[in-house]
file model17.cif (mmCIF, C-alpha atoms and all ligand atoms)
data_model
loop_
_atom_site.label_atom_id
_atom_site.label_comp_id
_atom_site.auth_asym_id
_atom_site.auth_seq_id
_atom_site.Cartn_x
_atom_site.Cartn_y
_atom_site.Cartn_z
CA MET A 44 20.59 -3.46 43.32
CA VAL A 45 21.81 -6.03 40.87
CA THR A 46 21.58 -4.88 37.28
CA ALA A 47 20.96 -7.34 34.49
CA PHE A 48 23.91 -6.11 32.49
CA ASP A 49 27.16 -4.25 32.72
CA GLU A 50 26.78 -1.18 30.52
CA LYS A 51 30.47 -0.88 29.80
CA GLU A 52 30.72 -4.50 28.80
CA VAL A 53 27.64 -4.34 26.56
CA THR A 54 28.93 -1.17 24.90
CA GLU A 55 32.20 -2.93 24.20
CA ILE A 56 30.40 -5.92 22.69
CA LEU A 57 28.20 -3.70 20.54
CA SER A 58 31.24 -1.81 19.26
CA LEU A 59 31.98 -4.98 17.27
CA VAL A 60 28.90 -4.50 15.08
CA LYS A 61 29.77 -2.92 11.75
CA ASP A 62 27.53 -0.88 9.51
CA PRO A 63 26.70 -3.38 6.73
CA GLU A 64 26.92 -0.73 4.01
CA ILE A 65 30.00 1.13 5.24
CA PRO A 66 31.94 -1.61 7.02
CA VAL A 67 34.74 0.69 8.22
CA LEU A 68 32.22 2.20 10.62
CA THR A 69 30.57 0.56 13.59
CA VAL A 70 26.89 1.14 14.28
CA GLU A 71 28.11 3.00 17.38
CA ASP A 72 30.19 5.38 15.20
CA MET A 73 27.08 6.01 13.09
CA GLY A 74 24.96 6.98 16.09
CA ILE A 75 22.50 4.19 15.28
CA ILE A 76 22.59 2.86 18.84
CA ARG A 77 20.73 5.44 20.87
CA ARG A 78 20.82 4.02 24.38
CA LEU A 79 20.82 0.96 26.57
CA GLU A 80 18.05 0.46 29.08
CA GLU A 81 17.01 -2.12 31.56
CA ALA A 82 13.38 -3.14 31.79
CA GLU A 83 12.16 -5.95 34.06
CA GLY A 84 15.54 -7.58 34.17
CA ARG A 85 15.96 -7.47 30.41
CA LEU A 86 18.44 -5.42 28.43
CA LYS A 87 16.85 -3.08 25.90
CA VAL A 88 19.00 -1.85 23.02
CA VAL A 89 17.37 1.14 21.35
CA ILE A 90 18.38 1.75 17.74
CA THR A 91 17.27 4.28 15.14
CA PRO A 92 17.35 4.13 11.32
CA THR A 93 19.45 6.65 9.40
CA TYR A 94 16.78 6.82 6.66
CA SER A 95 13.17 5.57 6.70
CA GLY A 96 13.85 3.10 3.93
CA CYS A 97 17.32 2.04 5.08
CA PRO A 98 17.51 -1.60 3.96
CA ALA A 99 20.38 -2.26 6.39
CA MET A 100 18.26 -1.96 9.53
CA GLU A 101 17.14 -5.58 9.56
CA VAL A 102 20.72 -6.76 9.13
CA ILE A 103 21.88 -4.44 11.91
CA GLU A 104 19.17 -5.70 14.24
CA LYS A 105 20.17 -9.28 13.52
CA ASP A 106 23.89 -8.55 13.91
CA ILE A 107 23.25 -6.96 17.31
CA SER A 108 21.19 -9.98 18.40
CA ASP A 109 23.85 -12.39 17.16
CA ILE A 110 26.75 -10.66 18.87
CA LEU A 111 24.94 -10.38 22.20
CA THR A 112 23.91 -14.03 22.04
CA LEU A 113 27.46 -15.02 21.16
CA HIS A 114 28.66 -13.25 24.32
CA GLY A 115 26.19 -15.14 26.48
CA ILE A 116 23.60 -12.39 26.85
CA ARG A 117 20.14 -13.88 26.44
CA ASP A 118 17.56 -11.60 27.99
CA PHE A 119 17.50 -8.68 25.62
CA ASP A 120 15.31 -6.87 23.09
CA VAL A 121 16.40 -4.70 20.18
CA VAL A 122 13.88 -1.90 19.76
CA THR A 123 13.69 0.63 16.91
CA GLU A 124 12.65 4.23 17.61
CA VAL A 125 12.38 6.95 14.97
CA PHE A 126 12.05 9.91 17.31
CA PRO A 127 14.12 12.00 17.64
CA ALA A 128 15.03 11.61 13.97
CA TRP A 129 18.59 10.48 13.25
CA THR A 130 20.98 13.22 12.25
CA SER A 131 24.46 12.99 10.75
CA ASP A 132 25.54 15.15 13.71
CA TRP A 133 25.47 11.92 15.72
CA ILE A 134 28.33 10.41 13.74
CA SER A 135 31.30 10.38 16.11
CA GLU A 136 34.54 12.26 15.47
CA GLU A 137 36.27 8.92 15.11
CA GLY A 138 33.59 7.89 12.62
CA ARG A 139 34.16 11.02 10.53
CA GLN A 140 37.87 10.32 10.39
CA LYS A 141 37.22 6.70 9.37
CA LEU A 142 34.89 7.86 6.59
CA ALA A 143 37.51 10.25 5.20
CA ASP A 144 40.20 7.56 5.37
CA PHE A 145 37.88 5.19 3.51
CA GLY A 146 37.37 7.74 0.71
CA ILE A 147 33.94 9.07 1.68
CA ALA A 148 33.82 12.79 2.46
CA PRO A 149 32.25 13.17 5.92
CA PRO A 150 29.29 15.56 6.46
CA ALA A 151 30.41 19.17 6.04
CA GLY A 152 29.19 21.21 8.98
CA ARG A 153 26.25 20.44 11.21
CA ALA A 154 22.68 19.62 10.21
CA GLY A 155 21.35 22.53 12.25
CA GLU A 156 23.25 24.96 10.02
CA GLY A 157 20.83 24.18 7.19
CA GLY A 158 21.14 23.37 3.52
CA ILE A 159 22.87 20.61 1.68
CA ALA A 160 26.43 21.79 2.28
CA SER A 161 26.78 24.88 4.38
CA ARG A 162 30.53 24.44 4.13
CA ALA A 163 32.88 23.23 1.42
CA VAL A 164 32.90 19.48 0.82
CA ILE A 165 36.52 18.39 0.95
CA CYS A 166 37.84 15.87 -1.57
CA PRO A 167 38.85 12.74 0.37
CA GLN A 168 41.48 11.94 -2.28
CA CYS A 169 43.52 15.15 -2.45
CA GLY A 170 42.04 17.43 0.23
CA SER A 171 40.91 20.10 -2.24
CA GLU A 172 37.94 22.29 -1.35
CA ASP A 173 37.19 22.87 -5.04
CA THR A 174 34.49 20.22 -5.44
CA THR A 175 31.15 20.10 -7.21
CA LEU A 176 27.89 18.23 -6.72
CA ILE A 177 27.04 15.58 -9.33
CA SER A 178 23.87 14.22 -7.74
CA GLU A 179 22.19 14.50 -4.36
CA PHE A 180 21.54 10.76 -4.47
CA GLY A 181 24.26 8.12 -4.38
CA SER A 182 24.78 4.41 -3.96
CA THR A 183 22.91 4.49 -0.64
CA ALA A 184 20.35 6.92 0.77
CA CYS A 185 22.91 8.52 3.07
CA LYS A 186 25.34 9.52 0.32
CA ALA A 187 25.53 12.09 -2.49
CA GLN A 188 27.93 12.09 -5.44
CA TYR A 189 30.58 14.77 -5.86
CA ARG A 190 33.49 15.42 -8.17
CA CYS A 191 36.81 17.09 -7.38
CA ARG A 192 37.81 19.87 -9.75
CA ASP A 193 41.49 19.50 -8.84
CA CYS A 194 42.20 15.77 -9.03
CA LEU A 195 39.06 15.18 -11.15
CA GLU A 196 38.09 12.09 -9.13
CA PRO A 197 34.42 11.46 -8.39
CA PHE A 198 33.69 10.57 -4.76
CA ASP A 199 30.90 9.83 -2.30
CA TYR A 200 29.85 12.48 0.19
CA PHE A 201 28.05 11.54 3.38
CA LYS A 202 25.05 13.87 3.46
CA CYS A 203 24.64 16.35 6.24
CA VAL A 204 21.06 15.76 7.44
CA MET B 125 -10.49 10.56 22.34
CA SER B 126 -10.47 9.61 18.70
CA ASN B 127 -12.07 6.51 17.28
CA PRO B 128 -9.47 3.84 16.36
CA GLN B 129 -11.21 3.18 13.03
CA THR B 130 -10.91 6.86 12.10
CA LEU B 131 -7.23 6.94 12.99
CA PHE B 132 -6.73 3.73 10.99
CA ASP B 133 -8.45 5.30 7.97
CA TYR B 134 -6.28 8.36 8.31
CA LEU B 135 -3.02 6.44 8.63
CA ILE B 136 -3.62 4.20 5.63
CA ARG B 137 -4.25 7.24 3.45
CA LEU B 138 -0.81 8.51 4.36
CA GLY B 139 0.83 5.09 4.11
CA ASP B 140 -0.87 4.24 0.81
CA ASN B 141 0.33 7.47 -0.81
CA SER B 142 3.91 6.61 0.05
CA LEU B 143 3.69 2.95 -0.88
CA ILE B 144 2.03 3.40 -4.28
CA LEU B 145 4.38 6.18 -5.32
CA GLY B 146 7.35 4.17 -4.05
CA GLN B 147 6.20 1.23 -6.17
CA ARG B 148 5.84 3.49 -9.21
CA LEU B 149 9.39 4.75 -8.77
CA ALA B 150 10.67 1.20 -8.40
CA GLU B 151 9.32 0.54 -11.91
CA TRP B 152 12.10 2.82 -13.18
CA SER B 153 14.83 0.49 -11.93
CA GLY B 154 16.92 -0.49 -14.93
CA HIS B 155 15.16 2.04 -17.18
CA ALA B 156 16.24 5.48 -15.94
CA PRO B 157 17.80 7.82 -18.52
CA ILE B 158 21.13 8.16 -16.69
CA LEU B 159 22.90 6.33 -13.87
CA GLU B 160 22.50 9.22 -11.40
CA GLU B 161 18.75 9.14 -11.92
CA GLU B 162 18.66 5.37 -11.65
CA LEU B 163 20.10 5.80 -8.16
CA ALA B 164 18.01 8.84 -7.29
CA LEU B 165 14.68 7.28 -8.25
CA ALA B 166 15.50 4.06 -6.40
CA ASN B 167 16.57 6.02 -3.31
CA ILE B 168 13.47 8.19 -3.31
CA GLY B 169 11.32 5.10 -3.82
CA LEU B 170 13.03 3.43 -0.86
CA ASP B 171 12.44 6.44 1.36
CA LEU B 172 8.75 6.33 0.43
CA ILE B 173 8.46 2.60 1.04
CA GLY B 174 10.19 3.13 4.40
CA GLN B 175 7.58 5.73 5.33
CA ALA B 176 4.82 3.38 4.21
CA ARG B 177 6.18 0.56 6.38
CA MET B 178 6.11 2.73 9.50
CA LEU B 179 2.64 4.09 8.75
CA LEU B 180 1.02 0.78 7.78
CA THR B 181 2.57 -0.99 10.77
CA TYR B 182 1.10 1.68 12.99
CA ALA B 183 -2.27 1.49 11.19
CA GLY B 184 -2.38 -2.27 11.70
CA GLU B 185 -1.69 -1.91 15.43
CA VAL B 186 -4.38 0.77 15.78
CA GLU B 187 -6.89 -1.43 13.99
CA GLY B 188 -6.10 -4.34 16.31
CA LYS B 189 -7.18 -7.10 13.95
CA GLY B 190 -3.77 -8.62 13.52
CA ARG B 191 -3.01 -7.08 10.14
CA ASP B 192 0.66 -6.16 9.80
CA GLU B 193 2.33 -4.02 7.12
CA ASP B 194 2.58 -6.94 4.69
CA ARG B 195 -1.02 -7.97 5.18
CA LEU B 196 -2.13 -4.41 4.45
CA ALA B 197 0.18 -4.05 1.46
CA TYR B 198 -0.42 -7.39 -0.23
CA HIS B 199 -3.94 -8.41 0.67
CA ARG B 200 -6.13 -5.42 -0.09
CA ASP B 201 -8.02 -4.93 -3.36
CA SER B 202 -8.02 -1.64 -5.16
CA SER B 203 -11.30 -0.42 -3.61
CA ASP B 204 -9.66 -0.72 -0.17
CA TRP B 205 -6.73 1.52 -1.12
CA ARG B 206 -6.81 5.16 -0.09
CA ASN B 207 -3.86 6.67 -1.96
CA LEU B 208 -4.39 9.86 -3.95
CA LEU B 209 -5.21 9.36 -7.63
CA LEU B 210 -2.11 11.39 -8.52
CA VAL B 211 0.40 8.87 -7.18
CA GLU B 212 -1.06 5.87 -9.02
CA GLN B 213 -0.81 7.56 -12.43
CA PRO B 214 1.58 5.71 -14.74
CA ASN B 215 5.20 6.84 -15.05
CA GLY B 216 4.86 7.98 -18.66
CA ASP B 217 8.07 9.62 -19.85
CA PHE B 218 10.68 11.04 -17.48
CA ALA B 219 9.00 14.46 -17.58
CA LYS B 220 5.71 12.98 -16.42
CA THR B 221 7.36 11.06 -13.59
CA MET B 222 9.11 14.26 -12.48
CA ALA B 223 5.92 16.33 -12.74
CA ARG B 224 4.04 13.79 -10.60
CA GLN B 225 6.91 13.75 -8.11
CA PHE B 226 7.15 17.54 -8.07
CA PHE B 227 3.47 17.93 -7.17
CA PHE B 228 3.56 15.20 -4.56
CA ASP B 229 6.83 16.33 -2.96
CA HIS B 230 5.59 19.89 -2.49
CA PHE B 231 2.29 18.64 -1.09
CA GLN B 232 3.87 16.05 1.17
CA TYR B 233 6.42 18.48 2.52
CA LEU B 234 3.71 20.88 3.67
CA GLN B 235 1.54 18.07 5.01
CA TYR B 236 4.34 16.40 6.98
CA GLU B 237 5.58 19.72 8.31
CA ALA B 238 2.13 20.13 9.85
CA LEU B 239 1.99 16.49 10.99
CA SER B 240 5.34 16.80 12.75
CA ARG B 241 3.40 18.93 15.26
CA SER B 242 0.66 16.28 15.66
CA THR B 243 -0.47 15.50 19.21
CA ASP B 244 -0.04 11.83 18.25
CA GLU B 245 3.62 11.40 19.17
CA ARG B 246 4.19 8.37 17.01
CA LEU B 247 2.78 10.06 13.91
CA ALA B 248 4.70 13.25 14.71
CA GLY B 249 7.91 11.21 14.97
CA ILE B 250 7.33 9.50 11.61
CA ALA B 251 6.55 12.85 9.98
CA ALA B 252 9.61 14.59 11.43
CA LYS B 253 11.82 11.72 10.32
CA SER B 254 10.38 11.70 6.80
CA LEU B 255 10.51 15.46 6.42
CA LYS B 256 14.30 15.44 6.18
CA GLU B 257 14.08 13.02 3.27
CA ILE B 258 11.21 14.87 1.58
CA SER B 259 13.24 18.08 1.50
CA TYR B 260 15.77 16.22 -0.69
CA HIS B 261 13.01 14.79 -2.89
CA ARG B 262 11.44 18.20 -3.34
CA ARG B 263 14.70 19.83 -4.35
CA HIS B 264 15.43 17.01 -6.80
CA SER B 265 12.05 17.11 -8.59
CA SER B 266 11.96 20.92 -8.63
CA ASP B 267 15.43 20.98 -10.22
CA TRP B 268 14.25 18.62 -12.97
CA VAL B 269 11.10 20.63 -13.66
CA ILE B 270 13.36 23.65 -14.17
CA ARG B 271 16.00 21.81 -16.21
CA LEU B 272 13.45 20.26 -18.55
CA GLY B 273 11.12 23.26 -18.69
CA ASP B 274 13.92 25.70 -19.36
CA GLY B 275 15.78 23.22 -21.57
CA THR B 276 15.30 22.38 -25.23
CA LYS B 277 12.05 22.87 -27.11
CA GLU B 278 11.41 19.12 -26.88
CA SER B 279 12.01 18.91 -23.12
CA HIS B 280 10.00 22.09 -22.53
CA ASP B 281 7.03 20.78 -24.51
CA ARG B 282 7.10 17.43 -22.75
CA MET B 283 7.23 19.02 -19.31
CA GLN B 284 4.40 21.41 -20.14
CA LYS B 285 2.31 18.50 -21.40
CA ALA B 286 3.07 16.47 -18.25
CA ILE B 287 2.04 19.34 -15.96
CA GLU B 288 -1.21 19.70 -17.89
CA GLU B 289 -1.99 16.00 -17.85
CA LEU B 290 -1.65 15.87 -14.06
CA TRP B 291 -3.12 19.24 -13.13
CA GLY B 292 -6.63 17.95 -12.52
CA PHE B 293 -5.39 15.50 -9.91
CA LEU B 294 -4.26 18.31 -7.59
CA PRO B 295 -7.59 19.52 -6.14
CA GLU B 296 -8.20 16.11 -4.55
CA MET B 297 -5.08 16.49 -2.42
CA PHE B 298 -6.61 19.44 -0.58
CA ASP B 299 -10.06 17.96 0.10
CA MET B 300 -11.21 17.45 3.67
CA ASP B 301 -13.78 14.77 4.52
CA ALA B 302 -15.23 13.48 7.81
CA VAL B 303 -12.06 11.53 8.63
CA ASP B 304 -9.84 14.56 8.04
CA ASP B 305 -12.17 16.76 10.09
CA ALA B 306 -12.19 14.29 13.00
CA MET B 307 -8.41 13.97 12.98
CA LEU B 308 -7.98 17.71 12.80
CA ALA B 309 -10.36 18.20 15.73
CA ALA B 310 -8.38 15.62 17.73
CA GLY B 311 -5.15 17.51 17.04
CA ILE B 312 -3.79 14.45 15.23
CA GLY B 313 -4.30 15.37 11.58
CA ASP B 314 -3.63 18.52 9.63
CA ASP B 315 -5.86 20.87 7.68
CA VAL B 316 -4.82 20.06 4.10
CA ALA B 317 -7.29 22.59 2.67
CA SER B 318 -5.32 25.37 4.31
CA LEU B 319 -2.13 24.29 2.53
CA ARG B 320 -3.35 25.09 -0.99
CA ASP B 321 -2.18 28.73 -1.06
CA GLU B 322 1.29 27.92 0.14
CA PHE B 323 1.45 25.00 -2.29
CA ASP B 324 0.41 27.20 -5.20
CA MET B 325 2.98 29.82 -4.35
CA ALA B 326 5.76 27.27 -4.11
CA ILE B 327 5.00 25.47 -7.37
CA GLU B 328 4.27 28.66 -9.31
CA LYS B 329 7.68 29.99 -8.35
CA VAL B 330 9.29 26.87 -9.84
CA LEU B 331 7.05 26.92 -12.93
CA ARG B 332 8.02 30.53 -13.63
CA GLU B 333 11.69 29.73 -13.37
CA ALA B 334 11.09 26.75 -15.65
CA THR B 335 9.35 29.01 -18.20
CA LEU B 336 6.26 26.80 -17.93
CA ASP B 337 2.68 28.01 -17.93
CA ARG B 338 0.38 27.29 -15.02
CA PRO B 339 -2.47 25.28 -16.59
CA GLU B 340 -6.10 26.40 -16.47
CA ASP B 341 -8.23 24.87 -13.71
CA SER B 342 -10.48 23.28 -16.31
CA TRP B 343 -10.92 19.75 -14.97
CA SER B 344 -10.52 17.72 -11.80
CA VAL B 345 -11.08 14.15 -10.65
CA ARG B 346 -11.60 12.75 -7.17
CA GLY B 347 -12.57 9.54 -5.47
CA SER B 348 -9.61 8.00 -3.63
CA ARG B 349 -10.99 8.74 -0.17
CA GLU B 350 -13.93 6.46 -1.04
CA GLY B 351 -11.74 3.89 -2.77
CA ARG B 352 -12.66 4.91 -6.31
CA HIS B 353 -9.47 4.69 -8.31
CA SER B 354 -8.32 4.98 -11.88
CA GLU B 355 -7.87 1.71 -13.78
CA HIS B 356 -4.10 2.06 -13.39
CA LEU B 357 -4.10 1.07 -9.72
CA GLY B 358 -5.40 -2.43 -10.49
CA TYR B 359 -2.47 -3.16 -12.82
CA LEU B 360 0.01 -1.82 -10.29
CA LEU B 361 -1.45 -3.99 -7.53
CA ALA B 362 -1.52 -7.05 -9.78
CA GLU B 363 2.23 -6.79 -10.15
CA MET B 364 3.06 -5.72 -6.59
CA GLN B 365 0.81 -8.30 -4.92
CA PHE B 366 1.24 -11.22 -7.29
CA LEU B 367 3.62 -13.30 -5.22
CA GLN B 368 1.75 -12.99 -1.94
CA ARG B 369 -1.54 -13.71 -3.70
CA ALA B 370 -0.23 -16.77 -5.53
CA TYR B 371 1.72 -18.06 -2.52
CA PRO B 372 0.09 -16.57 0.60
CA ASP B 373 2.55 -15.90 3.43
CA ALA B 374 5.53 -17.00 1.36
CA LYS B 375 8.84 -16.06 2.98
CA TRP B 376 12.34 -15.99 1.58
ZN ZN A 401 40.61 15.78 -5.29
#
call {"tool": "encode", "arguments": {"input": "model17.cif", "output": "structure tokens", "more": "lines below"}}
Ligand SMILES: [Zn+2]
result
Amino acid sequence: MVTAFDEKEVTEILSLVKDPEIPVLTVEDMGIIRRLEEAEGRLKVVITPTYSGCPAMEVIEKDISDILTLHGIRDFDVVTEVFPAWTSDWISEEGRQKLADFGIAPPAGRAGEGGIASRAVICPQCGSEDTTLISEFGSTACKAQYRCRDCLEPFDYFKCV
Amino acid sequence: MSNPQTLFDYLIRLGDNSLILGQRLAEWSGHAPILEEELALANIGLDLIGQARMLLTYAGEVEGKGRDEDRLAYHRDSSDWRNLLLVEQPNGDFAKTMARQFFFDHFQYLQYEALSRSTDERLAGIAAKSLKEISYHRRHSSDWVIRLGDGTKESHDRMQKAIEELWGFLPEMFDMDAVDDAMLAAGIGDDVASLRDEFDMAIEKVLREATLDRPEDSWSVRGSREGRHSEHLGYLLAEMQFLQRAYPDAKW
């Protein structure tokens, strides 16, 4: 059976697509790409939005189309599915490290554990656990604003949802 | 098997609630009292508009007449809208916006929790997705009701007044008509009437903490399920729809 695409190759190509709002992360790191399928000889890339109103989804869809086209893949569809709902648990370990390095505190704990922060949110500047919530809403839907009580710096926290 | 027209009617009620309230919150952009609220109101508005896009897209597909989300959003007159009267009420001061949000968030949370168990998988998926966001919205508006209610005399009085001015819009949320009954029977919709007790308990708990009085049930207004709206919806639509009405199908 001849498949229309090489999964490993496509995954590698898609790993070039950055999250438009947090460009240190790829859409793969974010868990936005759910799976690759083949239907009637066409590649189907299934993606899911982080938040219902995420304004980056159209850009992400276009970036995926562009990069595949650029690599000579023509017969594909990018399909959005909302179920099961995206969770920050899908952010890869590598993605969490990249977030922290970039100055955004990664989700504390797992979404299943309930609540806004079931564990301490660690300051990405100095590593202190003595931090306090400023607002549950930040510059994008996926982030909240925190402040460190040790180094006094405000910082973004990637919500655990 | 449910009638597509009934499912369409049901879906636009849900979608219209989210879209009109999202538009109201967008009116705060550039006017919020503090930066954090500027961001919060815009984020909550975006979540709501995101929900509306999914629901209206689905409604358009169910109807099968080629109307997409934009067609439904920009080319319907006020008598064709099915959003609750509560969500079209003007922003007023920050207390009134928060009171409106507080009532809607608590209602929507309960409604979407029920809808996440809908036999309609697509609707259940949209509800489950939105529920995560609504739990943030609900916490945010409840916190503000408490902060303002249990704040200064001025903030307390304004919040009490806001709660009273909106109180009569609540009964409509829990009405069931033929569309609701049909959707409930099909396992698609939820029984909103059954949510009233849980709603009352949840909001009364917050009101107590906020040192606010639960208003008397002295008045109520209804009509959105038949397309009878307050005058405010027309002004909102005039602004929201202007560009697509003046330049149909304009793209940029
Ligand atoms: Zn610090």
call {"tool": "residues_near_ligand", "arguments": {"input": "model17.cif", "ligand": "ligand ZN 401 (chain A)", "cutoff": "10 Å", "atoms": "all atoms listed in the file", "output": "PDB file with C-alpha atoms, in the frame of the given file"}}
result
ATOM      1  CA  ILE A 165      36.520  18.390   0.950  1.00  0.00           C
ATOM      2  CA  CYS A 166      37.840  15.870  -1.570  1.00  0.00           C
ATOM      3  CA  PRO A 167      38.850  12.740   0.370  1.00  0.00           C
ATOM      4  CA  GLN A 168      41.480  11.940  -2.280  1.00  0.00           C
ATOM      5  CA  CYS A 169      43.520  15.150  -2.450  1.00  0.00           C
ATOM      6  CA  GLY A 170      42.040  17.430   0.230  1.00  0.00           C
ATOM      7  CA  SER A 171      40.910  20.100  -2.240  1.00  0.00           C
ATOM      8  CA  GLU A 172      37.940  22.290  -1.350  1.00  0.00           C
ATOM      9  CA  ASP A 173      37.190  22.870  -5.040  1.00  0.00           C
ATOM     10  CA  THR A 174      34.490  20.220  -5.440  1.00  0.00           C
ATOM     11  CA  ARG A 190      33.490  15.420  -8.170  1.00  0.00           C
ATOM     12  CA  CYS A 191      36.810  17.090  -7.380  1.00  0.00           C
ATOM     13  CA  ARG A 192      37.810  19.870  -9.750  1.00  0.00           C
ATOM     14  CA  ASP A 193      41.490  19.500  -8.840  1.00  0.00           C
ATOM     15  CA  CYS A 194      42.200  15.770  -9.030  1.00  0.00           C
ATOM     16  CA  LEU A 195      39.060  15.180 -11.150  1.00  0.00           C
ATOM     17  CA  GLU A 196      38.090  12.090  -9.130  1.00  0.00           C
ATOM     18  CA  PRO A 197      34.420  11.460  -8.390  1.00  0.00           C
ATOM     19  CA  PHE A 198      33.690  10.570  -4.760  1.00  0.00           C
TER      20      PHE A 198
END
call {"tool": "residues_around", "arguments": {"input": "model17.cif", "residues": "Gly74 in chain A", "least_positions_apart": "4", "cutoff": "9 Å", "atoms": "only C-alpha atoms", "output": "PDB file with C-alpha atoms, keeping the file's coordinate frame"}}
result
ATOM      1  CA  THR A  69      30.570   0.560  13.590  1.00  0.00           C
ATOM      2  CA  VAL A  70      26.890   1.140  14.280  1.00  0.00           C
ATOM      3  CA  ILE A  90      18.380   1.750  17.740  1.00  0.00           C
ATOM      4  CA  THR A  91      17.270   4.280  15.140  1.00  0.00           C
ATOM      5  CA  THR A  93      19.450   6.650   9.400  1.00  0.00           C
ATOM      6  CA  TRP A 129      18.590  10.480  13.250  1.00  0.00           C
ATOM      7  CA  THR A 130      20.980  13.220  12.250  1.00  0.00           C
ATOM      8  CA  SER A 131      24.460  12.990  10.750  1.00  0.00           C
ATOM      9  CA  ASP A 132      25.540  15.150  13.710  1.00  0.00           C
ATOM     10  CA  TRP A 133      25.470  11.920  15.720  1.00  0.00           C
ATOM     11  CA  ILE A 134      28.330  10.410  13.740  1.00  0.00           C
ATOM     12  CA  SER A 135      31.300  10.380  16.110  1.00  0.00           C
TER      13      SER A 135
END
call {"tool": "atom_distance", "arguments": {"input": "model17.cif", "atom1": "CA of Gln225 in chain B", "atom2": "CA of Ser279 in chain B"}}
result
16.7 Å
call {"tool": "atom_distance", "arguments": {"input": "model17.cif", "atom1": "CA of Glu333 in chain B", "atom2": "CA of Glu161 in chain B"}}
result
21.8 Å
call {"tool": "closest_residue", "arguments": {"input": "model17.cif", "among": "B:Thr130, B:Ser348, B:Asn141, B:Ser265", "to": "chain A", "atoms": "only C-alpha atoms"}}
result
B:Ser265
call {"tool": "atom_distance", "arguments": {"input": "model17.cif", "atom1": "CA of Asp133 in chain B", "atom2": "CA of Arg241 in chain B"}}
result
19.5 Å
call {"tool": "build_atoms", "arguments": {"input": "model17.cif", "residues": "range 139-153 of chain B", "atoms": "N, CA and C atoms", "output": "tab-separated table (two decimals), keeping the file's coordinate frame"}}
result
chain	number	residue	atom	x	y	z
B	139	GLY	N	-0.04	6.22	4.46
B	139	GLY	CA	0.83	5.09	4.11
B	139	GLY	C	0.65	4.66	2.66
B	140	ASP	N	-0.60	4.66	2.19
B	140	ASP	CA	-0.87	4.24	0.81
B	140	ASP	C	-0.26	5.21	-0.20
B	141	ASN	N	-0.32	6.50	0.09
B	141	ASN	CA	0.33	7.47	-0.81
B	141	ASN	C	1.79	7.12	-1.00
B	142	SER	N	2.47	6.88	0.11
B	142	SER	CA	3.91	6.61	0.05
B	142	SER	C	4.20	5.28	-0.64
B	143	LEU	N	3.40	4.27	-0.32
B	143	LEU	CA	3.69	2.95	-0.88
B	143	LEU	C	3.46	2.91	-2.39
B	144	ILE	N	2.34	3.46	-2.84
B	144	ILE	CA	2.03	3.40	-4.28
B	144	ILE	C	3.03	4.23	-5.09
B	145	LEU	N	3.39	5.39	-4.59
B	145	LEU	CA	4.38	6.18	-5.32
B	145	LEU	C	5.75	5.50	-5.28
B	146	GLY	N	6.09	4.90	-4.15
B	146	GLY	CA	7.35	4.17	-4.05
B	146	GLY	C	7.40	3.03	-5.06
B	147	GLN	N	6.28	2.32	-5.20
B	147	GLN	CA	6.20	1.23	-6.17
B	147	GLN	C	6.35	1.76	-7.60
B	148	ARG	N	5.71	2.87	-7.89
B	148	ARG	CA	5.84	3.49	-9.21
B	148	ARG	C	7.30	3.81	-9.52
B	149	LEU	N	8.00	4.38	-8.54
B	149	LEU	CA	9.39	4.75	-8.77
B	149	LEU	C	10.26	3.51	-8.96
B	150	ALA	N	9.90	2.45	-8.26
B	150	ALA	CA	10.67	1.20	-8.40
B	150	ALA	C	10.57	0.67	-9.83
B	151	GLU	N	9.48	1.00	-10.52
B	151	GLU	CA	9.32	0.54	-11.91
B	151	GLU	C	10.40	1.13	-12.82
B	152	TRP	N	11.04	2.20	-12.37
B	152	TRP	CA	12.10	2.82	-13.18
B	152	TRP	C	13.42	2.04	-13.11
B	153	SER	N	13.55	1.18	-12.12
B	153	SER	CA	14.83	0.49	-11.93
B	153	SER	C	15.24	-0.23	-13.21
